[in-house]
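Some notes on the structure that comes next.
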Amino acid sequence: MTDKRSLEQLLQFSTSLHSNNNDLTAAQARTGSRLDPSVIDSIMGPSDAQLMLDSMKAIASAPSSDDEVIETAFENLEALVEQIDNAKNLKNMGLWPPLIAQLDRSPVHRRGACAVIAAALQNNPEAQDAFLALEGALQRVRGLVLDSDPAVRRKALFAMTSAVRNNSKGLRKLSEVDGWRLFLSLLDNDELRKRTVFFLGNVFAQINDADLEPSEHLIQIDQDLLATLKQVRAECVPKLVKLLSLDKVVDDEDTVEKVVQALETAIKSGEIKVAGLSQVADPIRQRYGEEMCDWSLLSSS
């Protein structure tokens, strides 16, 4: 608890700042310079930057067997980096390297680090660029998508898609880490399929946006990247159509919706024609209704 002397010191400081007395002396003004920082901390609490440092210190120093302490520290850090400026400060504070180092530790560390990475990179181009500039970082996250621990796999895929979503540098880097082949294979993965389809639908939308005026682009896509993305789309679309014939997919409305919306986005480009799509789409349309997508596009393809 703040003692009486500290409270009096804070009151004196506050009074000096808000005084309307034009004869305020330099000695009075200097009162604030003698205010003990611990007084402010005890009242206002530590800054987000200090909390981030404390969380990272706890993660790095806690015994690997102390899962509760590690999980709590990761949860605190994840909550902090959801704020855009805090996520940007991971670079300025030198916290990216020790965070990436956790990807090589226990499942609790790997899962927690991937969760923090995903939270920091969502819709944050500056943080994405800082992460992508780290040698081997994306490759290490990509490897964890095939981790032996299911929770690590899910968080790693979330981190990987967050790192490259709506980011031209990230989309290019996927080719370097064989990421596109991974995404194609994940369409056959019951556990990770839904997030993969959602990400691919976003990629298809980026292809369509490439035809807009440059000022309307969400991201800048050069011709080489565009060619890569179109090749990815060409390989993914037949697999997406095939998914609609699988009962385990069709019985999951959320997954079905993501698949048909990804196909709708691909077909909107005018460059994709899929023979026989209406045969698998029509039963789904009857089952789930008209609002799921523009069925006329799927039926006419």
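Every chain in the structure tokens takes a letter, A first, then B, and so on in the order presented; its residues are numbered from 1, and the ligands are numbered from 1 following the presented order.
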Which residues come within 9 Å of Ser245 (chain A), counting only C-alpha atoms, excluding same-chain residues fewer than 5 positions away, as a PyMOL selection string?
chain A and resi 250+280-281
Could you dump the residues just selected with C-alpha atoms as a PDB file, in the first residue's frame?
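Resulting contents of selection.pdb:
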```
ATOM      1  CA  VAL A 250     -21.346 -31.767 -46.353  1.00  0.00           C
ATOM      2  CA  VAL A 280     -22.663 -31.424 -56.327  1.00  0.00           C
ATOM      3  CA  ALA A 281     -23.792 -27.869 -55.571  1.00  0.00           C
TER       4      ALA A 281
END
```
Which residues come within 10 Å of Ser106 (chain A), counting only C-alpha atoms, excluding same-chain residues fewer than 5 positions away, as a ChimeraX atom specification?
/A:64-65,67,111-112
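Distances here use only C-alpha atoms; by that measure, the residue among A:Ala234, A:Leu240, A:Ala156, A:Ile284 closest to Asp252 (chain A) is A:Ile284.
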A:Leu246, A:Met292, A:Leu186, A:Leu138 ranked by distance to Val164 (chain A), top pick (using only C-alpha atoms)
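Comparing A:Leu246, A:Met292, A:Leu186, A:Leu138 against Val164 (chain A), the winner is A:Leu138.
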If you run DSSP over the backbone, which residues in region 29-221 of chain A end up alpha helix (DSSP H)? Put them as a VMD selection string.
chain A and resid 29 37 to 44 48 to 61 67 to 81 84 to 92 96 to 101 107 to 121 125 to 132 137 to 144 150 to 164 168 to 176 179 to 186 193 to 209
Find the spatial neighbours of Val260 (chain A), counting only C-alpha atoms, within a cut-off of 10 Å - ignore same-chain residues fewer than 2 positions away - and output them as a PyMOL selection string.
chain A and resi 197+201+240-241+243-244+255-258+262-266+281+284-285+292-295+298
Mind checking which residues fall within 12 Å of Phe158 (chain A), counting only C-alpha atoms, ignoring those fewer than 6 positions away in the same chain, and posting them as a PyMOL selection string?
chain A and resi 111-122+141-142+144-145+151-152+164-165+192-196+198-199
Selected residues, C-alpha atoms, written as a PDB file, in the first residue's frame, please.
```pdb
ATOM      1  CA  ARG A 111       1.461 -23.762 -28.629  1.00  0.00           C
ATOM      2  CA  GLY A 112       1.788 -20.547 -26.653  1.00  0.00           C
ATOM      3  CA  ALA A 113       4.355 -19.019 -28.987  1.00  0.00           C
ATOM      4  CA  CYS A 114       2.210 -19.756 -32.046  1.00  0.00           C
ATOM      5  CA  ALA A 115      -0.814 -18.191 -30.333  1.00  0.00           C
ATOM      6  CA  VAL A 116       1.150 -15.011 -29.561  1.00  0.00           C
ATOM      7  CA  ILE A 117       2.521 -14.846 -33.112  1.00  0.00           C
ATOM      8  CA  ALA A 118      -0.977 -15.201 -34.569  1.00  0.00           C
ATOM      9  CA  ALA A 119      -2.389 -12.511 -32.275  1.00  0.00           C
ATOM     10  CA  ALA A 120       0.428 -10.091 -33.085  1.00  0.00           C
ATOM     11  CA  LEU A 121       0.261 -10.496 -36.847  1.00  0.00           C
ATOM     12  CA  GLN A 122      -3.469 -10.349 -37.553  1.00  0.00           C
ATOM     13  CA  VAL A 141       6.052 -22.091 -37.924  1.00  0.00           C
ATOM     14  CA  ARG A 142       5.302 -24.007 -41.123  1.00  0.00           C
ATOM     15  CA  LEU A 144       4.779 -26.964 -36.595  1.00  0.00           C
ATOM     16  CA  VAL A 145       1.642 -27.260 -38.745  1.00  0.00           C
ATOM     17  CA  ALA A 151      -3.197 -28.070 -30.323  1.00  0.00           C
ATOM     18  CA  VAL A 152       0.206 -27.001 -31.645  1.00  0.00           C
ATOM     19  CA  VAL A 164       0.949 -13.913 -44.783  1.00  0.00           C
ATOM     20  CA  ARG A 165      -2.703 -12.929 -45.062  1.00  0.00           C
ATOM     21  CA  LEU A 192      -7.205 -28.189 -40.359  1.00  0.00           C
ATOM     22  CA  ARG A 193      -9.358 -28.055 -43.483  1.00  0.00           C
ATOM     23  CA  LYS A 194     -11.723 -25.288 -42.398  1.00  0.00           C
ATOM     24  CA  ARG A 195      -9.058 -22.663 -41.676  1.00  0.00           C
ATOM     25  CA  THR A 196      -7.199 -23.672 -44.837  1.00  0.00           C
ATOM     26  CA  PHE A 198     -10.964 -19.794 -45.398  1.00  0.00           C
ATOM     27  CA  PHE A 199      -7.395 -18.669 -46.118  1.00  0.00           C
TER      28      PHE A 199
END
```
Contacts of Asn86 (chain A) at 9 Å or less, counting only C-alpha atoms, minus same-chain residues fewer than 4 places along, as a VMD selection string?
chain A and resid 48 to 49 52 80 to 82 90 120
Keeping only C-alpha atoms, take the residues you just selected and write them out as a CSV table (one decimal), in the first residue's frame.
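Printed below is again.csv as written:
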```
chain,number,residue,atom,x,y,z
A,48,ASP,CA,2.3,-2.5,-21.3
A,49,ALA,CA,5.9,-2.6,-22.4
A,52,MET,CA,5.4,-7.6,-22.1
A,80,LEU,CA,-1.1,-7.6,-24.8
A,81,VAL,CA,0.0,-8.0,-28.4
A,82,GLU,CA,-3.6,-8.0,-29.6
A,90,LEU,CA,7.8,-6.6,-30.3
A,120,ALA,CA,0.4,-10.1,-33.1
```
With distances taken over only C-alpha atoms, which residue among A:Ser269, A:Gln139, A:Asn167, A:Ser296 lies nearest Asn123 (chain A)?
A:Asn167
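The smallest atom-to-atom distance between Met93 (chain A) and any of A:Met56, A:Ile70, A:Glu75, A:Asn124, using only C-alpha atoms, is found for A:Met56.
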Ranking A:Gly94, A:Pro107, A:Pro238, A:Pro46 by minimum distance to Arg153 (chain A) and counting only C-alpha atoms, which one comes first?
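When distances to Arg153 (chain A) are compared using only C-alpha atoms, the smallest one comes from A:Pro107.
If you look at CA of Ala101 (chain A) and CA of Gly170 (chain A), they are 20.5 Å away from each other.
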Could you state the separation of CA of Phe131 (chain A) and CA of Glu71 (chain A) in Å, given to one decimal place?
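Pair CA of Phe131 (chain A) / CA of Glu71 (chain A) returns 22.2 Å.
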So which one's closest to Ser300 (chain A), A:Val237, A:Ala127, A:Ala159, A:Val274? Using only C-alpha atoms, please.
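Closest to Ser300 (chain A), using only C-alpha atoms: A:Val274.
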Between CA of Leu157 (chain A) and CA of Arg140 (chain A), measure the distance and give it in Å to one decimal.
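Calculated distance between CA of Leu157 (chain A) and CA of Arg140 (chain A) is 11.4 Å.
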